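Down below is the structure, laid out as structure tokens.
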Amino acid sequence: MGQRVVDIRRLHLEDNRELLSPPLLVELYQCAIGVTVFGFLPHAEIDIEVDGAVVVTQQVGFPEPVGATLPLPAPLVAGQTVRSRQRLGGLQSDWSQPSTVLDHTREFPAGPPRPQINPAPPLECGVRTGVANLLGGGNVRITADGAEVGRVDGCAAPVQGVNIDPPYGLGQHVRAHFDLCGDGSPPSVDHLVQPGPTPLPTPAIDPGYEGSEQLRITGIANGARVSFTRNGAPVGTYRCWGGALLVSFDTPFTAGETVTATQRLCDSGPPSPPGDVTIQPCSALPAPGVGPLQGGDLSVSITSSAPGAQIKVYRNGVQVGLGSAPRVQLSQPVAVGDTVVVTQSLPPACPAHLGLQVTVACVDPPFTHDPSALDLFPVGSDEYSDGPVHGSVRYPAEDDGTGQPFNARLAGTGRVPIVVLAHGNHAPADPSYLGYDYFQDSLARMGIIAVSVDCNALNGGSSGVGNIEARADLIIDSIRHFQTLDADAGSRFFERIDFARLGLMGHSRGGDAVVTLPTVLPAIGVTILAVLALAPTNFRYWASMPTIEPDEYAFMTILPAADGDVVDNNGAQFYDRAKPSPYKSQQYVHNTNHNFFNRQWLSNDGVTAVVSRGEHERVLDVYGTAFFRSRLLGHGTHVFLDGRQRPAGVLTSLVQQSFAYAGSPTIDDHEDRNGIGTNSLGLPTAQSGGMVADEYPFDQVPTAFNQSFFGLSVGMVMEPRKTGGIFRSSVRSLDFRGVELWLRAAEVARGQLPPDATGFRLGLEDSRGTTAWVDSDSVGGVPRPFDRPQKTKTMLKTLRFRPECFRAATPNIQLDRIQAVLIEYNRPGRRALAFDDLQLVKPL
């Protein structure tokens, strides 16, 4: 998505003076006694309609930071439909899209999600606490040493601030509690009240602008009281749950005014030094920040804006939206290639003068949520041991801690899936099996038993295929041990484990072992649904033996590009040979090393600069939980693996994804041994305009195009002689409506890496000879080789070309009568490109 800041006074933008975007509703649940709305204009009047009748009309304040929660005259009932609209300054929006009230017992049969005290920990003398992970309209309360010290009925979602009275005392045990329909969640983690920082930090105040009525203050201690002066006169004191505070003032600011802020925790202690800001003139108001925008979107996400700003959205010069952060609904969808301009203003004193101009991409997936954040249950932990069988287990429990009982409500809903993890080779003195506790915790919180096998008995000695098979046997022995526990009436796991929903995760040699395990698994009554290989070795390949082809389970590999141990990223070989069942996934992650995924492996083996250990953990946590939730819990989180959504809270810009679904018709995967002149459909291909292309092994063999390929497939390399060369693949007559065209592509690593990126155009030619072209930059771009010493690799990623992109480029293209797919090299120079797996895909 191309972006640039523009002076809108030089543009011809057409305002729609009757347009006001509808506000948005959070998800609604039965028994809720309040509804949270956001995206409205400051001081708007909000209507809430339930089953066609307006039940609430109320003026609200500001849309940030948590919207407005409006009390309802009667609790909601499952199946009801709710809509919202807003009015301001003589304008009235349309109704929002209807939202159907859900029954939380269907969404969460073992009880509502567990509330989270956020931020944590609470501090001595704190007087306000934030509680997250809430269902809107329920009731939240805070206890300190078991006594209630704060409560909000009809809470906001997903976060609610709760005032605390009396203030927290040092050493108290603080927990949050939530209930909906009289159904209580597990309590939050038990937090111990800590002393506040000494001295208290100086509050920082974000820039304020003429016309604003709000200021954002940061650096606030958790639970502090923040006092303000405006031009030297006291304004008031506000309770804050910590981190940041948006404070509202009675009248708009004028340029040159000054605001100071101090914070205090305990009355006996001094306040912080004052932080201050001078209000800037309207001319300093910047353009807002905007999230990803792709063809077909009906809203624009706002990533940064002045507090309380009105956001206008223009499509091709005509206004299509007026609302506020964090998202503005549009009156019509944007199309590929549209020019969208987004502005912010603080009326009436500060009209917009700058805008962010965006060119709408074919594919620019939205950031949605964090799949690892599903927090339903406390986490119990324990060590297990049975002779040589040893390891750790994390599981959904009644409360946090060692040896806690298994969560009874979850057990009442049926057996629970299990994931077994295995580490790789490391110093035998280090407890490597404890290094994935963060990932085990995430799985347990969402209702999955997570077992980490101690493989140290096989470390530090022999290597080779026999070592990998021995690791697989050790993992099988742990599975058998938990089968014994499942059959033992005296065990907390008695009749708790669903061995028909088994997942495996292995790191390094452990990754090799979990791929090997299904091939040596005896008939012991388990069904493997998902296997994740993290930076795996492939000892069979090194021994000139056939590489195992993962089959009959979903397969995913995570490959750290700066891996200094498994330098060949052998997981790419497993991906290439895997059969999608029902899918396979590869995450090739730049600037990551081998060791930092395991907390016990302390050395940085990266061959280049790498991101922090925490960012490594986020990669495994986010993509790993998305994978296992998809296969073991039936959640729709595979969209984070196939590229249709981007997860929050992870460095997605570093992740190059490949993905394939079972049953997708293949136009050409170059595996048919029929030569470059014939595709996988048995139809002819042709080359013109200086195009030179041929099929090569994508492997470390002498017949490869060059030694930068580290997979185990056959693909095509284009080496065009000039710009404009075309490779044409006949498809006779295919219907491309309702499907996407997927193609794995990469820039070929060759000598010194050029500073600039390259690309191509993909075309569809219909039966009349009409061709529609879409540039690779419009679908995310061709991945660049990761520049590393000695072994810079050509690593392909999947590019998704949506049918509406071709239609936007050439409206008269007949997508139901496509006779050929074309690849054109439309860049200067003579850069080689690699391709594989050209498929028609209907995403699940």
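Following the order of the structure tokens, first chain is A, next is B, and so on, with residues numbered from 1 inside each chain and ligands from 1 in the order they appear.
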
Within 10 Å of Val55 in chain A, counting only C-alpha atoms, which residues show up once you throw out same-chain ones fewer than 4 positions away? Write them as a tab-separated table (two decimals) with N, CA and C atoms, in the first residue's frame, please.
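Writing the result to part26.tsv gives the following:
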chain	number	residue	atom	x	y	z
A	47	ASP	N	-28.02	6.58	19.25
A	47	ASP	CA	-29.22	5.75	19.37
A	47	ASP	C	-28.81	4.28	19.36
A	48	ILE	N	-29.42	3.49	20.23
A	48	ILE	CA	-29.26	2.05	20.22
A	48	ILE	C	-30.63	1.43	19.93
A	49	GLU	N	-30.65	0.58	18.91
A	49	GLU	CA	-31.89	-0.07	18.50
A	49	GLU	C	-31.77	-1.57	18.77
A	50	VAL	N	-32.78	-2.13	19.41
A	50	VAL	CA	-32.84	-3.57	19.68
A	50	VAL	C	-34.10	-4.12	19.03
A	51	ASP	N	-33.92	-5.05	18.11
A	51	ASP	CA	-35.05	-5.67	17.39
A	51	ASP	C	-36.00	-4.63	16.81
A	71	PRO	N	-25.89	2.20	29.14
A	71	PRO	CA	-26.73	1.23	29.86
A	71	PRO	C	-28.02	0.95	29.11
A	72	LEU	N	-28.48	-0.29	29.18
A	72	LEU	CA	-29.71	-0.71	28.50
A	72	LEU	C	-30.85	-0.80	29.50
A	73	PRO	N	-32.08	-0.61	29.03
A	73	PRO	CA	-33.23	-0.72	29.94
A	73	PRO	C	-33.53	-2.15	30.35
A	74	ALA	N	-33.05	-3.13	29.57
A	74	ALA	CA	-33.28	-4.54	29.89
A	74	ALA	C	-32.11	-5.34	29.34

Do a neighbour search on Gln440 in chain A at 10 Å with only C-alpha atoms, toss out local chain neighbours closer than 5 positions, and write the hits as a list in words.
-> Val379, Ser381, Ser392, Val393, Arg394, Tyr395, Val419, Val420, Leu421, Leu434, Gly435, Arg445, Ile448, Ile449, Ala450, Val451, Ser452, Asp621 and Thr625 of chain A

Skipping near chain neighbours, those fewer than 5 positions away, what residues fall within 10 Å of Arg17 in chain A using only C-alpha atoms, listed as a ChimeraX atom specification?
-> /A:90-91,319,322

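Summary of the local environment: counting only C-alpha atoms, residues at most 6 Å from Leu532 in chain A, other than itself and those fewer than 2 positions away along its chain, are Met505, Met556 and Thr557 of chain A.
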
Preceding selection exported with N, CA and C atoms as a short mmCIF file (atom, residue, chain, number, x, y, z; two decimals), in the first residue's frame:
data_model
loop_
_atom_site.label_atom_id
_atom_site.label_comp_id
_atom_site.auth_asym_id
_atom_site.auth_seq_id
_atom_site.Cartn_x
_atom_site.Cartn_y
_atom_site.Cartn_z
N MET A 505 5.03 -30.50 18.46
CA MET A 505 5.91 -29.39 18.15
C MET A 505 7.32 -29.79 18.51
N MET A 556 3.28 -27.42 9.64
CA MET A 556 3.81 -26.06 9.60
C MET A 556 5.27 -26.08 10.02
N THR A 557 6.08 -25.26 9.36
CA THR A 557 7.46 -25.06 9.77
C THR A 557 7.73 -23.58 9.95
#

Neighbours of Gly34 in chain A within 7 Å (only C-alpha atoms; same-chain residues fewer than 4 positions away dropped), as a list in words?
-> Thr69, Leu70, Pro71, Leu72, Gly136, Gly137, Gly154 and Cys155 of chain A

Those of range 392-527 of chain A in DSSP strand (DSSP E), formatted as a PyMOL selection string | chain A and resi 392-396+401-402+416-422+449-453+497-507

Got a sec: who's within 8 Å of range 534-544 of chain A, counting only C-alpha atoms, leaving out chain neighbours fewer than 2 positions off, as a list in words?
-> Gly464, Val465, Ile468, Met505, Gly506, His507, Ser508, Arg509, Gly510, Gly511, Asp512, Leu532, Pro546, Thr547, Thr557, Ile558, Leu559, Pro560, Asp563, Val566, Asn569, Asn570, Gly571 and His594 of chain A

Residues of range 203-308 of chain A that approach range 338-356 of chain A to 8 Å or less, counting only C-alpha atoms: could you list each one with the shortest pair of atoms and its distance in Å to one decimal, rows by chain and increasing residue number, as CSV?
residue,atom,partner,partner_atom,distance
A:Glu210,CA,A:Cys350,CA,6.3
A:Gly211,CA,A:Ala349,CA,5.0
A:Ser212,CA,A:Leu346,CA,6.0
A:Cys282,CA,A:Cys350,CA,5.2
A:Ser283,CA,A:His353,CA,7.5
A:Leu285,CA,A:Ala352,CA,7.6
A:Pro286,CA,A:Leu354,CA,6.3
A:Ala287,CA,A:Gly355,CA,4.8
A:Pro288,CA,A:Gln344,CA,6.1
A:Gly289,CA,A:Leu356,CA,7.2
A:Val290,CA,A:Leu356,CA,7.7
A:Ser305,CA,A:Gln344,CA,7.2
A:Ala306,CA,A:Gln344,CA,7.7
A:Gly308,CA,A:Leu346,CA,7.3

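You can rank A:Val131, A:Leu13, A:Val622, A:Ile667 by their closest distance to Leu641 in chain A using only C-alpha atoms, and at the top of that list sits A:Val622.
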
In Å, with one decimal, what is the gap from CA of Leu330 in chain A to CA of Gly643 in chain A?
->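 Atom-to-atom, CA of Leu330 in chain A and CA of Gly643 in chain A are spaced 24.0 Å apart.
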
A:Asp441, A:Glu383, A:Glu495, A:Glu549 ranked by distance to Ser478 in chain A, top pick (using only C-alpha atoms) =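 Among the listed residues, the smallest separation from Ser478 in chain A belongs to A:Glu383.
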